[in-house]
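Source file: protein00.txt. Holds: compact mmCIF, C-alpha atoms and all ligand atoms.
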# COMPACT_ATOMS: atom_id res chain seq x y z
CA MET A 1 -14.54 -1.46 16.41
CA THR A 2 -11.49 -3.73 16.63
CA TRP A 3 -11.18 -6.32 13.84
CA ARG A 4 -10.64 -9.61 15.69
CA ALA A 5 -8.49 -12.50 14.47
CA SER A 6 -8.46 -15.77 16.40
CA VAL A 7 -6.06 -18.46 15.24
CA LEU A 8 -6.34 -22.08 16.35
CA THR A 9 -2.96 -23.75 16.03
CA LEU A 10 -0.65 -26.33 17.52
CA PHE A 11 2.10 -23.69 17.37
CA PRO A 12 0.79 -20.47 18.98
CA ALA A 13 4.37 -19.18 19.33
CA MET A 14 4.35 -18.56 15.55
CA PHE A 15 1.99 -15.60 16.15
CA PRO A 16 1.98 -12.67 15.71
CA GLY A 17 5.38 -13.35 14.08
CA PRO A 18 5.93 -10.88 11.23
CA LEU A 19 2.52 -9.30 11.89
CA GLY A 20 3.90 -7.80 15.11
CA THR A 21 6.08 -5.39 13.10
CA SER A 22 5.63 -2.63 10.51
CA LEU A 23 2.12 -1.58 9.36
CA ALA A 24 0.29 -4.51 10.96
CA GLY A 25 2.23 -4.26 14.23
CA ARG A 26 1.55 -0.54 14.59
CA ALA A 27 -2.14 -1.11 13.79
CA MET A 28 -2.29 -3.80 16.47
CA GLU A 29 -0.77 -1.40 19.01
CA ARG A 30 -3.52 1.09 18.11
CA ASP A 31 -6.21 -1.62 18.58
CA VAL A 32 -7.27 -1.43 14.94
CA TRP A 33 -7.08 -5.22 15.07
CA SER A 34 -6.33 -7.90 17.65
CA LEU A 35 -4.82 -11.36 17.38
CA GLU A 36 -5.33 -14.27 19.73
CA ALA A 37 -3.49 -17.53 19.08
CA GLN A 38 -5.16 -20.47 20.80
CA ASP A 39 -3.33 -23.76 21.36
CA ILE A 40 -5.45 -26.64 20.01
CA ARG A 41 -3.59 -29.03 22.29
CA ALA A 42 -5.22 -27.37 25.30
CA TYR A 43 -8.49 -29.08 24.23
CA ALA A 44 -7.08 -32.63 24.23
CA THR A 45 -8.60 -34.73 26.98
CA ASP A 46 -6.19 -37.60 27.56
CA ARG A 47 -3.14 -37.36 29.76
CA HIS A 48 -0.79 -37.41 26.74
CA ARG A 49 -2.61 -34.40 25.23
CA THR A 50 -3.18 -36.31 21.98
CA VAL A 51 -4.53 -34.25 19.08
CA ASP A 52 -4.10 -36.70 16.18
CA ASP A 53 -4.55 -40.33 15.26
CA THR A 54 -3.93 -42.75 12.40
CA PRO A 55 -6.18 -42.49 9.32
CA PHE A 56 -9.05 -44.95 8.90
CA GLY A 57 -8.40 -46.92 5.72
CA GLY A 58 -4.67 -46.83 6.27
CA GLY A 59 -2.04 -44.72 4.59
CA ALA A 60 0.75 -42.42 5.62
CA GLY A 61 0.59 -39.68 8.22
CA MET A 62 -1.74 -38.67 10.99
CA VAL A 63 -5.09 -36.88 11.06
CA MET A 64 -6.21 -34.24 13.56
CA ARG A 65 -9.07 -35.59 15.68
CA PRO A 66 -12.55 -34.09 15.14
CA ASP A 67 -13.48 -34.03 18.83
CA VAL A 68 -10.38 -32.06 19.82
CA VAL A 69 -10.63 -29.60 16.90
CA ASP A 70 -14.35 -29.12 17.50
CA ALA A 71 -13.81 -28.36 21.18
CA ALA A 72 -11.20 -25.79 20.18
CA LEU A 73 -13.56 -24.15 17.65
CA ALA A 74 -16.58 -24.13 19.99
CA GLY A 75 -15.53 -21.09 21.98
CA PHE A 76 -14.95 -19.02 18.84
CA ASP A 77 -18.21 -19.73 16.98
CA ASP A 78 -19.47 -16.15 17.38
CA GLY A 79 -20.56 -15.20 13.87
CA ARG A 80 -17.15 -14.44 12.41
CA PRO A 81 -16.23 -16.46 9.28
CA MET A 82 -14.57 -19.71 10.36
CA ILE A 83 -11.89 -20.68 7.89
CA TYR A 84 -9.84 -23.85 7.56
CA LEU A 85 -6.62 -23.19 5.64
CA THR A 86 -6.01 -26.09 3.29
CA PRO A 87 -4.51 -26.70 -0.16
CA ARG A 88 -7.91 -28.17 -1.08
CA GLY A 89 -9.67 -24.85 -0.50
CA ARG A 90 -10.81 -22.11 -2.84
CA PRO A 91 -7.75 -20.05 -3.85
CA LEU A 92 -7.52 -16.84 -1.81
CA ALA A 93 -8.19 -13.78 -3.97
CA GLN A 94 -8.35 -10.05 -3.29
CA GLU A 95 -12.15 -9.97 -3.53
CA ARG A 96 -12.54 -12.37 -0.58
CA VAL A 97 -9.81 -10.49 1.29
CA ARG A 98 -11.80 -7.26 0.89
CA GLU A 99 -14.98 -8.96 2.15
CA LEU A 100 -13.20 -10.42 5.18
CA ALA A 101 -11.55 -7.08 5.99
CA SER A 102 -14.91 -5.33 5.94
CA GLY A 103 -16.44 -7.80 8.43
CA PRO A 104 -15.90 -8.26 12.17
CA GLY A 105 -12.79 -10.46 11.83
CA VAL A 106 -11.94 -14.13 11.26
CA VAL A 107 -11.40 -17.43 13.04
CA LEU A 108 -8.62 -19.40 11.37
CA LEU A 109 -7.94 -23.12 11.83
CA CYS A 110 -4.40 -24.22 11.00
CA GLY A 111 -3.95 -27.87 10.12
CA ARG A 112 -0.85 -30.01 10.61
CA TYR A 113 0.03 -33.59 9.58
CA GLU A 114 -2.39 -34.78 6.84
CA GLY A 115 -4.99 -32.24 7.92
CA VAL A 116 -8.19 -32.41 10.00
CA ASP A 117 -10.93 -35.07 10.08
CA GLU A 118 -13.50 -34.26 7.37
CA ARG A 119 -16.46 -34.44 9.79
CA VAL A 120 -15.46 -31.37 11.78
CA ILE A 121 -15.16 -29.35 8.55
CA ALA A 122 -18.75 -30.33 7.73
CA ALA A 123 -20.14 -30.00 11.25
CA ARG A 124 -18.78 -26.47 11.74
CA ARG A 125 -19.41 -25.51 8.08
CA LEU A 126 -15.83 -24.31 7.76
CA GLU A 127 -14.93 -22.27 4.70
CA GLU A 128 -11.87 -23.86 3.07
CA ILE A 129 -9.24 -21.49 1.68
CA SER A 130 -5.91 -22.21 -0.01
CA ILE A 131 -3.10 -19.71 -0.46
CA GLY A 132 -1.75 -21.44 -3.56
CA ASP A 133 -1.12 -24.66 -5.42
CA TYR A 134 1.68 -25.96 -3.22
CA VAL A 135 1.75 -27.82 0.09
CA LEU A 136 2.99 -26.19 3.29
CA SER A 137 3.87 -28.20 6.37
CA GLY A 138 1.17 -26.39 8.34
CA GLY A 139 -1.57 -23.80 8.07
CA GLU A 140 0.28 -21.18 10.14
CA PRO A 141 2.14 -19.45 7.27
CA ALA A 142 -1.13 -19.47 5.30
CA ALA A 143 -2.93 -17.82 8.25
CA LEU A 144 -0.22 -15.14 8.40
CA VAL A 145 -0.63 -14.49 4.67
CA LEU A 146 -4.41 -14.17 4.92
CA LEU A 147 -4.18 -11.89 7.97
CA ASP A 148 -1.54 -9.66 6.37
CA ALA A 149 -3.72 -9.22 3.28
CA CYS A 150 -6.78 -8.31 5.40
CA VAL A 151 -5.13 -6.09 7.99
CA ARG A 152 -3.54 -3.72 5.46
CA LEU A 153 -7.05 -2.95 4.16
CA LEU A 154 -8.49 -2.02 7.57
CA PRO A 155 -9.37 1.67 7.87
CA GLY A 156 -6.37 3.76 8.91
CA VAL A 157 -3.75 1.03 8.46
CA MET A 158 -2.36 2.22 5.14
CA GLY A 159 -1.69 5.92 4.72
CA ALA A 160 -3.08 7.80 1.71
CA ALA A 161 0.36 7.37 0.13
CA GLU A 162 -0.11 3.59 0.14
CA SER A 163 -3.65 3.53 -1.22
CA ALA A 164 -4.96 0.15 -2.36
CA ASP A 165 -7.08 1.73 -5.09
CA GLU A 166 -4.64 1.28 -7.94
CA GLU A 167 -2.67 -1.77 -6.89
CA SER A 168 -2.77 -5.20 -8.52
CA PHE A 169 -6.25 -6.79 -8.67
CA ALA A 170 -8.07 -3.61 -7.58
CA THR A 171 -8.99 -2.88 -11.19
CA GLY A 172 -9.00 -6.49 -12.39
CA LEU A 173 -5.48 -5.93 -13.75
CA LEU A 174 -1.95 -6.42 -12.46
CA GLU A 175 -0.27 -3.16 -11.60
CA TYR A 176 1.79 -1.01 -14.01
CA PRO A 177 5.61 -0.72 -13.51
CA HIS A 178 7.06 1.80 -11.05
CA TYR A 179 10.14 4.00 -11.39
CA THR A 180 11.93 6.46 -9.09
CA ARG A 181 15.18 8.48 -9.11
CA PRO A 182 17.70 8.37 -10.70
CA ALA A 183 16.06 9.05 -14.08
CA GLU A 184 18.83 7.00 -15.71
CA TRP A 185 20.42 4.02 -14.02
CA GLN A 186 22.93 1.58 -15.52
CA GLY A 187 22.06 2.90 -18.98
CA ARG A 188 18.34 2.30 -18.43
CA ALA A 189 16.12 5.37 -18.75
CA VAL A 190 12.73 5.97 -17.16
CA PRO A 191 10.00 6.08 -19.87
CA ASP A 192 9.78 9.67 -21.20
CA VAL A 193 6.04 9.94 -20.58
CA LEU A 194 6.58 9.68 -16.81
CA LEU A 195 8.81 12.76 -16.91
CA SER A 196 6.42 14.73 -19.12
CA GLY A 197 4.18 16.12 -16.36
CA HIS A 198 1.22 15.30 -18.62
CA HIS A 199 -1.21 13.59 -16.23
CA ALA A 200 -3.60 12.20 -18.84
CA ALA A 201 -0.70 10.75 -20.86
CA VAL A 202 0.78 9.17 -17.70
CA ALA A 203 -2.59 7.63 -16.82
CA ALA A 204 -3.03 6.26 -20.35
CA TRP A 205 0.51 4.80 -20.34
CA ARG A 206 -0.04 3.17 -16.95
CA ARG A 207 -3.33 1.69 -18.09
CA SER A 208 -1.84 0.23 -21.26
CA GLU A 209 1.17 -1.18 -19.35
CA ALA A 210 -1.17 -2.76 -16.76
CA GLU A 211 -3.11 -4.33 -19.61
CA ARG A 212 0.04 -5.55 -21.39
CA ILE A 213 1.48 -7.13 -18.23
CA THR A 214 -1.82 -8.81 -17.33
CA ARG A 215 -2.26 -10.11 -20.90
CA GLU A 216 1.29 -11.53 -20.98
CA ARG A 217 1.43 -12.99 -17.47
CA ARG A 218 -2.11 -13.89 -16.47
CA PRO A 219 -4.36 -14.98 -19.34
CA ASP A 220 -6.97 -16.00 -16.74
CA LEU A 221 -7.21 -12.47 -15.28
CA TRP A 222 -7.03 -10.94 -18.76
CA SER A 223 -10.01 -12.97 -20.02
CA SER A 224 -12.14 -12.02 -17.06
CA TYR A 225 -11.08 -8.34 -17.32
CA GLN A 226 -12.02 -8.29 -21.00
CA ALA A 227 -15.35 -9.94 -20.27
CA HIS A 228 -16.18 -7.12 -17.83
CA GLN A 229 -15.19 -4.24 -20.09
CA THR A 230 -17.88 -2.05 -21.62
CA PRO A 231 -16.82 -1.62 -25.28
CA GLY A 232 -15.28 1.82 -25.82
CA LYS A 233 -15.16 2.64 -22.10
CA SER A 234 -11.58 1.88 -21.05
CA GLY A 235 -10.11 3.36 -24.19
CA ALA A 236 -6.98 1.25 -24.31
CA VAL A 237 -7.98 -2.39 -24.38
CA ALA A 238 -5.24 -4.17 -26.28
CA PRO A 239 -5.99 -7.14 -28.53
CA ALA A 240 -5.89 -10.59 -26.96
CA PRO A 241 -2.61 -12.46 -27.49
CA ALA A 242 -2.29 -15.11 -30.14
CA ALA A 243 -2.60 -18.63 -28.76
CA PRO A 244 0.86 -20.09 -27.95
C1 LIG B 1 1.10 -31.15 5.03
S1 LIG B 1 -0.35 -30.17 4.89
C2 LIG B 1 -1.59 -31.39 4.52
C3 LIG B 1 -1.78 -31.58 3.07
C4 LIG B 1 -2.94 -32.51 2.75
N1 LIG B 1 -2.64 -33.85 3.15
C5 LIG B 1 -3.22 -32.48 1.25
O1 LIG B 1 -2.57 -33.20 0.52
O2 LIG B 1 -4.08 -31.67 0.83
C6 LIG B 1 -0.71 -29.72 6.54
C7 LIG B 1 -1.54 -28.47 6.71
O3 LIG B 1 -0.91 -27.37 6.13
C8 LIG B 1 -1.86 -26.42 5.70
N2 LIG B 1 -1.59 -26.08 4.29
C9 LIG B 1 -0.71 -26.71 3.48
N3 LIG B 1 -0.67 -26.15 2.27
C10 LIG B 1 -1.55 -25.14 2.28
C11 LIG B 1 -1.99 -24.19 1.30
N4 LIG B 1 -1.50 -24.20 0.06
N5 LIG B 1 -2.92 -23.29 1.67
C12 LIG B 1 -3.44 -23.27 2.92
N6 LIG B 1 -3.07 -24.17 3.89
C13 LIG B 1 -2.14 -25.08 3.58
C14 LIG B 1 -3.23 -27.03 5.94
O4 LIG B 1 -3.78 -26.50 7.14
C15 LIG B 1 -2.92 -28.50 6.09
O5 LIG B 1 -3.86 -29.15 6.90
Spell out the structure here as structure tokens.
Amino acid sequence: MTWRASVLTLFPAMFPGPLGTSLAGRAMERDVWSLEAQDIRAYATDRHRTVDDTPFGGGAGMVMRPDVVDAALAGFDDGRPMIYLTPRGRPLAQERVRELASGPGVVLLCGRYEGVDERVIAARRLEEISIGDYVLSGGEPAALVLLDACVRLLPGVMGAAESADEESFATGLLEYPHYTRPAEWQGRAVPDVLLSGHHAAVAAWRRSEAERITRERRPDLWSSYQAHQTPGKSGAVAPAPAAP
């Protein structure tokens, strides 16, 4: 069954954008997934097609009107998760991406200006998701990020050669480093173990590198990884770093 993405936006011309090319674009051509970008402005009722208004209580910027946004959402309330992309949302993580990719699809609401009136978020029970601790000018790039992350996990989109099994976050760790030919480049050699042909040694090296990188770069992921380890099971759990 086709995984369906519907995006509500004031800028439908931004879609499919980069998702029309490469892996995602080919998967769309094969009907693995579909994308419909709906113009929120089409649901405005006055002759100026107004979608926003000044904030109650004063302050800078404009707010997207609840009646217009609700009318836009109404036709898409079909059981798929309805998500409002916002810096206030829960940070997007691979686990939620996997859940969304294994469902029927998503309905994504892209904000502009100061965002949307709080009442429509409550009335439609929108899930709020952020793609990071920074502020974009609109939800469209965030929607593209979320869709890219989901679509690559749909069955048949990635070949066996691009398996998601070992990549960052799949194991609770960041991924180990990669190397290809030439074996020596600018005086830098590929680690000997990778040329050894010894599969168990390669696997152990990759595991310990993944652990080292996670420990050094992401103490948050490292703590949760350690908390989920059965003592003696992984074999190569390195000691936690000293506090800075
Ligand atoms: C200029 S932003 C509004 C920021 C909002 N006033 C605030 O301070 O939280 C306009 C729109 O961009 C989108 N957006 C901005 N940053 C985002 C992020 N980090 N993740 C997801 N969506 C984001 C949201 O849809 C938001 O409604």
Contacts of chain A with ligand LIG 1 (chain B) up to 12 Å, shortest pair per row, only C-alpha atoms and all ligand atoms, as CSV:
residue,atom,partner,partner_atom,distance
A:Val7,CA,B:LIG1,O4,11.6
A:Leu8,CA,B:LIG1,O4,10.5
A:Thr9,CA,B:LIG1,O4,9.3
A:Leu10,CA,B:LIG1,O4,10.8
A:Asp52,CA,B:LIG1,O5,12.0
A:Pro55,CA,B:LIG1,N1,11.2
A:Gly59,CA,B:LIG1,N1,11.0
A:Ala60,CA,B:LIG1,N1,9.5
A:Gly61,CA,B:LIG1,N1,8.4
A:Met62,CA,B:LIG1,N1,9.2
A:Val63,CA,B:LIG1,N1,8.8
A:Met64,CA,B:LIG1,O5,8.7
A:Ile83,CA,B:LIG1,O4,10.0
A:Tyr84,CA,B:LIG1,O4,6.6
A:Leu85,CA,B:LIG1,N6,4.1
A:Thr86,CA,B:LIG1,N6,3.6
A:Pro87,CA,B:LIG1,C11,3.8
A:Arg88,CA,B:LIG1,O2,5.5
A:Gly89,CA,B:LIG1,N5,7.3
A:Arg90,CA,B:LIG1,N5,9.2
A:Pro91,CA,B:LIG1,N5,8.0
A:Leu92,CA,B:LIG1,N5,8.7
A:Leu108,CA,B:LIG1,O4,9.6
A:Leu109,CA,B:LIG1,O4,7.1
A:Cys110,CA,B:LIG1,O4,4.5
A:Gly111,CA,B:LIG1,O4,3.3
A:Arg112,CA,B:LIG1,C6,4.1
A:Tyr113,CA,B:LIG1,C6,5.0
A:Glu114,CA,B:LIG1,N1,3.8
A:Gly115,CA,B:LIG1,O5,3.4
A:Val116,CA,B:LIG1,O5,6.2
A:Asp117,CA,B:LIG1,O5,9.8
A:Glu118,CA,B:LIG1,O5,10.9
A:Ile121,CA,B:LIG1,O5,11.4
A:Glu127,CA,B:LIG1,C12,11.7
A:Glu128,CA,B:LIG1,C12,8.5
A:Ile129,CA,B:LIG1,C12,6.2
A:Ser130,CA,B:LIG1,N5,3.6
A:Ile131,CA,B:LIG1,N5,4.2
A:Gly132,CA,B:LIG1,N4,4.6
A:Asp133,CA,B:LIG1,N4,5.5
A:Tyr134,CA,B:LIG1,N4,4.9
A:Val135,CA,B:LIG1,N3,3.7
A:Leu136,CA,B:LIG1,C9,3.7
A:Ser137,CA,B:LIG1,C1,4.3
A:Gly138,CA,B:LIG1,O3,3.2
A:Gly139,CA,B:LIG1,C8,3.5
A:Glu140,CA,B:LIG1,C8,7.2
A:Pro141,CA,B:LIG1,N6,7.8
A:Ala142,CA,B:LIG1,C12,5.0
A:Ala143,CA,B:LIG1,C12,7.6
A:Leu144,CA,B:LIG1,C12,10.3
A:Val145,CA,B:LIG1,C12,9.4
A:Leu146,CA,B:LIG1,C12,9.4
May I ask for the distance between CA of Thr50 (chain A) and CA of Ala13 (chain A), given in Å to one decimal place?
18.9 Å
Using only C-alpha atoms, which of the listed residues (A:Val151, A:Ala71, A:Leu126, A:Met14) sits closest to Trp33 (chain A)?
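Looking at the shortest contact to Trp33 (chain A), the residue is A:Val151.
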Polymer residues at most 10 Å from Glu36 (chain A), all atoms listed in the file, same-chain spacing of 3 or more positions, as number ranges by chain:
A: 4-8, 12, 15-16, 39, 107
Limited to C-alpha atoms, could you put the picked residues into a file as a PDB file, in the coordinates of the input?
ATOM      1  CA  ARG A   4     -10.640  -9.610  15.690  1.00  0.00           C
ATOM      2  CA  ALA A   5      -8.490 -12.500  14.470  1.00  0.00           C
ATOM      3  CA  SER A   6      -8.460 -15.770  16.400  1.00  0.00           C
ATOM      4  CA  VAL A   7      -6.060 -18.460  15.240  1.00  0.00           C
ATOM      5  CA  LEU A   8      -6.340 -22.080  16.350  1.00  0.00           C
ATOM      6  CA  PRO A  12       0.790 -20.470  18.980  1.00  0.00           C
ATOM      7  CA  PHE A  15       1.990 -15.600  16.150  1.00  0.00           C
ATOM      8  CA  PRO A  16       1.980 -12.670  15.710  1.00  0.00           C
ATOM      9  CA  ASP A  39      -3.330 -23.760  21.360  1.00  0.00           C
ATOM     10  CA  VAL A 107     -11.400 -17.430  13.040  1.00  0.00           C
TER      11      VAL A 107
END
Just want the 7 Å neighbourhood of Ile213 (chain A), counted on all atoms listed in the file, with same-chain residues fewer than 4 positions away dropped. Output as a list of chain:residue names.
A:Leu174, A:Glu209, A:Arg217
Mind checking which residues fall within 10 Å of Tyr176 (chain A), counting all atoms listed in the file, ignoring those fewer than 5 positions away in the same chain, and posting them as a PyMOL selection string?
chain A and resi 166-168+205-214
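When CA of Leu173 (chain A) is paired with CA of Pro81 (chain A), their separation reads 27.5 Å.
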Quote the spacing between CA of Asp31 (chain A) and CA of Asp70 (chain A) in Å to one decimal place.
28.7 Å
Please determine, counting all atoms listed in the file, which residue among A:Val106, A:Ala42, A:Val157, A:Val68 has the shortest atom-to-atom distance to Arg26 (chain A).
A:Val157
With a distance cut-off of 12 Å and only C-alpha atoms, select the neighbouring residues of Arg98 (chain A), excluding the residue or stretch itself and same-chain residues fewer than 5 positions from it, and output the selection as a PyMOL selection string.
chain A and resi 92-93+103+105+146-155+164-165+169-170
Next, the residues of the selection above should be written as a short mmCIF file (atom, residue, chain, number, x, y, z; two decimals), in the frame of the given file with C-alpha atoms.
data_model
loop_
_atom_site.label_atom_id
_atom_site.label_comp_id
_atom_site.auth_asym_id
_atom_site.auth_seq_id
_atom_site.Cartn_x
_atom_site.Cartn_y
_atom_site.Cartn_z
CA LEU A 92 -7.52 -16.84 -1.81
CA ALA A 93 -8.19 -13.78 -3.97
CA GLY A 103 -16.44 -7.80 8.43
CA GLY A 105 -12.79 -10.46 11.83
CA LEU A 146 -4.41 -14.17 4.92
CA LEU A 147 -4.18 -11.89 7.97
CA ASP A 148 -1.54 -9.66 6.37
CA ALA A 149 -3.72 -9.22 3.28
CA CYS A 150 -6.78 -8.31 5.40
CA VAL A 151 -5.13 -6.09 7.99
CA ARG A 152 -3.54 -3.72 5.46
CA LEU A 153 -7.05 -2.95 4.16
CA LEU A 154 -8.49 -2.02 7.57
CA PRO A 155 -9.37 1.67 7.87
CA ALA A 164 -4.96 0.15 -2.36
CA ASP A 165 -7.08 1.73 -5.09
CA PHE A 169 -6.25 -6.79 -8.67
CA ALA A 170 -8.07 -3.61 -7.58
#
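Nearest residue to Ser34 (chain A) among A:Ala189, A:Leu73, A:Met1, A:Ser224 is A:Met1, counting all atoms listed in the file.
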Work out where the centre of an axis-aligned box around every listed atom of region 39-56 of chain A lies and how long its edges are once 4 Å is added on each side; give both in Å to one decimal as AutoDock Vina command-line options.
--center_x -4.9 --center_y -34.4 --center_z 19.3 --size_x 16.3 --size_y 29.2 --size_z 28.9
Would you mind telling me which residue in A:Leu35, A:Asp192, A:Arg30, A:His228 lies nearest to Gly17 (chain A) when using all atoms listed in the file?
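Of A:Leu35, A:Asp192, A:Arg30, A:His228, the one nearest Gly17 (chain A) is A:Leu35, counting all atoms listed in the file.
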Which is closest to Leu23 (chain A) among A:Ala183, A:Met158, A:Val202, A:Leu195, if we use all atoms listed in the file?
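Closest candidate: A:Met158.
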Quick one: region 163-191 of chain A with N, CA and C atoms, as a PDB file, keeping the file's coordinate frame?
ATOM      1  N   SER A 163      -2.283   3.898  -0.879  1.00  0.00           N
ATOM      2  CA  SER A 163      -3.650   3.530  -1.220  1.00  0.00           C
ATOM      3  C   SER A 163      -3.730   2.222  -1.996  1.00  0.00           C
ATOM      4  N   ALA A 164      -4.770   1.433  -1.676  1.00  0.00           N
ATOM      5  CA  ALA A 164      -4.960   0.150  -2.360  1.00  0.00           C
ATOM      6  C   ALA A 164      -5.754   0.305  -3.647  1.00  0.00           C
ATOM      7  N   ASP A 165      -6.170   1.544  -3.956  1.00  0.00           N
ATOM      8  CA  ASP A 165      -7.080   1.730  -5.090  1.00  0.00           C
ATOM      9  C   ASP A 165      -6.516   1.286  -6.422  1.00  0.00           C
ATOM     10  N   GLU A 166      -5.207   1.522  -6.613  1.00  0.00           N
ATOM     11  CA  GLU A 166      -4.640   1.280  -7.940  1.00  0.00           C
ATOM     12  C   GLU A 166      -3.776   0.041  -7.986  1.00  0.00           C
ATOM     13  N   GLU A 167      -3.619  -0.673  -6.862  1.00  0.00           N
ATOM     14  CA  GLU A 167      -2.670  -1.770  -6.890  1.00  0.00           C
ATOM     15  C   GLU A 167      -3.231  -2.995  -7.613  1.00  0.00           C
ATOM     16  N   SER A 168      -2.379  -4.001  -7.783  1.00  0.00           N
ATOM     17  CA  SER A 168      -2.770  -5.200  -8.520  1.00  0.00           C
ATOM     18  C   SER A 168      -4.095  -5.746  -8.010  1.00  0.00           C
ATOM     19  N   PHE A 169      -4.939  -6.176  -8.916  1.00  0.00           N
ATOM     20  CA  PHE A 169      -6.250  -6.790  -8.670  1.00  0.00           C
ATOM     21  C   PHE A 169      -7.365  -5.795  -8.384  1.00  0.00           C
ATOM     22  N   ALA A 170      -7.011  -4.559  -7.922  1.00  0.00           N
ATOM     23  CA  ALA A 170      -8.070  -3.610  -7.580  1.00  0.00           C
ATOM     24  C   ALA A 170      -8.912  -3.286  -8.801  1.00  0.00           C
ATOM     25  N   THR A 171      -8.268  -3.229  -9.959  1.00  0.00           N
ATOM     26  CA  THR A 171      -8.990  -2.880 -11.190  1.00  0.00           C
ATOM     27  C   THR A 171      -9.240  -4.111 -12.052  1.00  0.00           C
ATOM     28  N   GLY A 172      -8.900  -5.283 -11.559  1.00  0.00           N
ATOM     29  CA  GLY A 172      -9.000  -6.490 -12.390  1.00  0.00           C
ATOM     30  C   GLY A 172      -7.728  -6.724 -13.182  1.00  0.00           C
ATOM     31  N   LEU A 173      -6.753  -5.830 -13.026  1.00  0.00           N
ATOM     32  CA  LEU A 173      -5.480  -5.930 -13.750  1.00  0.00           C
ATOM     33  C   LEU A 173      -4.322  -6.024 -12.766  1.00  0.00           C
ATOM     34  N   LEU A 174      -3.183  -6.546 -13.234  1.00  0.00           N
ATOM     35  CA  LEU A 174      -1.950  -6.420 -12.460  1.00  0.00           C
ATOM     36  C   LEU A 174      -1.487  -4.964 -12.569  1.00  0.00           C
ATOM     37  N   GLU A 175      -0.651  -4.569 -11.633  1.00  0.00           N
ATOM     38  CA  GLU A 175      -0.270  -3.160 -11.600  1.00  0.00           C
ATOM     39  C   GLU A 175       0.777  -2.823 -12.671  1.00  0.00           C
ATOM     40  N   TYR A 176       0.801  -1.547 -13.072  1.00  0.00           N
ATOM     41  CA  TYR A 176       1.790  -1.010 -14.010  1.00  0.00           C
ATOM     42  C   TYR A 176       3.175  -0.945 -13.323  1.00  0.00           C
ATOM     43  N   PRO A 177       4.266  -0.794 -14.114  1.00  0.00           N
ATOM     44  CA  PRO A 177       5.610  -0.720 -13.510  1.00  0.00           C
ATOM     45  C   PRO A 177       5.848   0.616 -12.809  1.00  0.00           C
ATOM     46  N   HIS A 178       6.705   0.591 -11.810  1.00  0.00           N
ATOM     47  CA  HIS A 178       7.060   1.800 -11.050  1.00  0.00           C
ATOM     48  C   HIS A 178       8.503   2.188 -11.324  1.00  0.00           C
ATOM     49  N   TYR A 179       8.772   3.484 -11.239  1.00  0.00           N
ATOM     50  CA  TYR A 179      10.140   4.000 -11.390  1.00  0.00           C
ATOM     51  C   TYR A 179      10.344   5.141 -10.396  1.00  0.00           C
ATOM     52  N   THR A 180      11.595   5.297  -9.922  1.00  0.00           N
ATOM     53  CA  THR A 180      11.930   6.460  -9.090  1.00  0.00           C
ATOM     54  C   THR A 180      13.320   6.961  -9.501  1.00  0.00           C
ATOM     55  N   ARG A 181      13.869   7.937  -8.758  1.00  0.00           N
ATOM     56  CA  ARG A 181      15.180   8.480  -9.110  1.00  0.00           C
ATOM     57  C   ARG A 181      16.263   7.421  -8.920  1.00  0.00           C
ATOM     58  N   PRO A 182      17.357   7.410  -9.648  1.00  0.00           N
ATOM     59  CA  PRO A 182      17.700   8.370 -10.700  1.00  0.00           C
ATOM     60  C   PRO A 182      16.953   8.110 -12.009  1.00  0.00           C
ATOM     61  N   ALA A 183      16.815   9.161 -12.823  1.00  0.00           N
ATOM     62  CA  ALA A 183      16.060   9.050 -14.080  1.00  0.00           C
ATOM     63  C   ALA A 183      16.766   8.116 -15.064  1.00  0.00           C
ATOM     64  N   GLU A 184      18.111   8.004 -14.908  1.00  0.00           N
ATOM     65  CA  GLU A 184      18.830   7.000 -15.710  1.00  0.00           C
ATOM     66  C   GLU A 184      19.700   6.198 -14.771  1.00  0.00           C
ATOM     67  N   TRP A 185      19.658   4.893 -14.911  1.00  0.00           N
ATOM     68  CA  TRP A 185      20.420   4.020 -14.020  1.00  0.00           C
ATOM     69  C   TRP A 185      20.943   2.835 -14.825  1.00  0.00           C
ATOM     70  N   GLN A 186      22.263   2.647 -14.772  1.00  0.00           N
ATOM     71  CA  GLN A 186      22.930   1.580 -15.520  1.00  0.00           C
ATOM     72  C   GLN A 186      22.518   1.583 -16.994  1.00  0.00           C
ATOM     73  N   GLY A 187      22.403   2.781 -17.558  1.00  0.00           N
ATOM     74  CA  GLY A 187      22.060   2.900 -18.980  1.00  0.00           C
ATOM     75  C   GLY A 187      20.578   2.693 -19.268  1.00  0.00           C
ATOM     76  N   ARG A 188      19.779   2.506 -18.239  1.00  0.00           N
ATOM     77  CA  ARG A 188      18.340   2.300 -18.430  1.00  0.00           C
ATOM     78  C   ARG A 188      17.612   3.585 -18.039  1.00  0.00           C
ATOM     79  N   ALA A 189      16.826   4.111 -18.983  1.00  0.00           N
ATOM     80  CA  ALA A 189      16.120   5.370 -18.750  1.00  0.00           C
ATOM     81  C   ALA A 189      14.679   5.099 -18.322  1.00  0.00           C
ATOM     82  N   VAL A 190      14.152   6.008 -17.526  1.00  0.00           N
ATOM     83  CA  VAL A 190      12.730   5.970 -17.160  1.00  0.00           C
ATOM     84  C   VAL A 190      11.927   6.355 -18.417  1.00  0.00           C
ATOM     85  N   PRO A 191      10.793   5.709 -18.697  1.00  0.00           N
ATOM     86  CA  PRO A 191      10.000   6.080 -19.870  1.00  0.00           C
ATOM     87  C   PRO A 191       9.710   7.587 -19.886  1.00  0.00           C
TER      88      PRO A 191
END
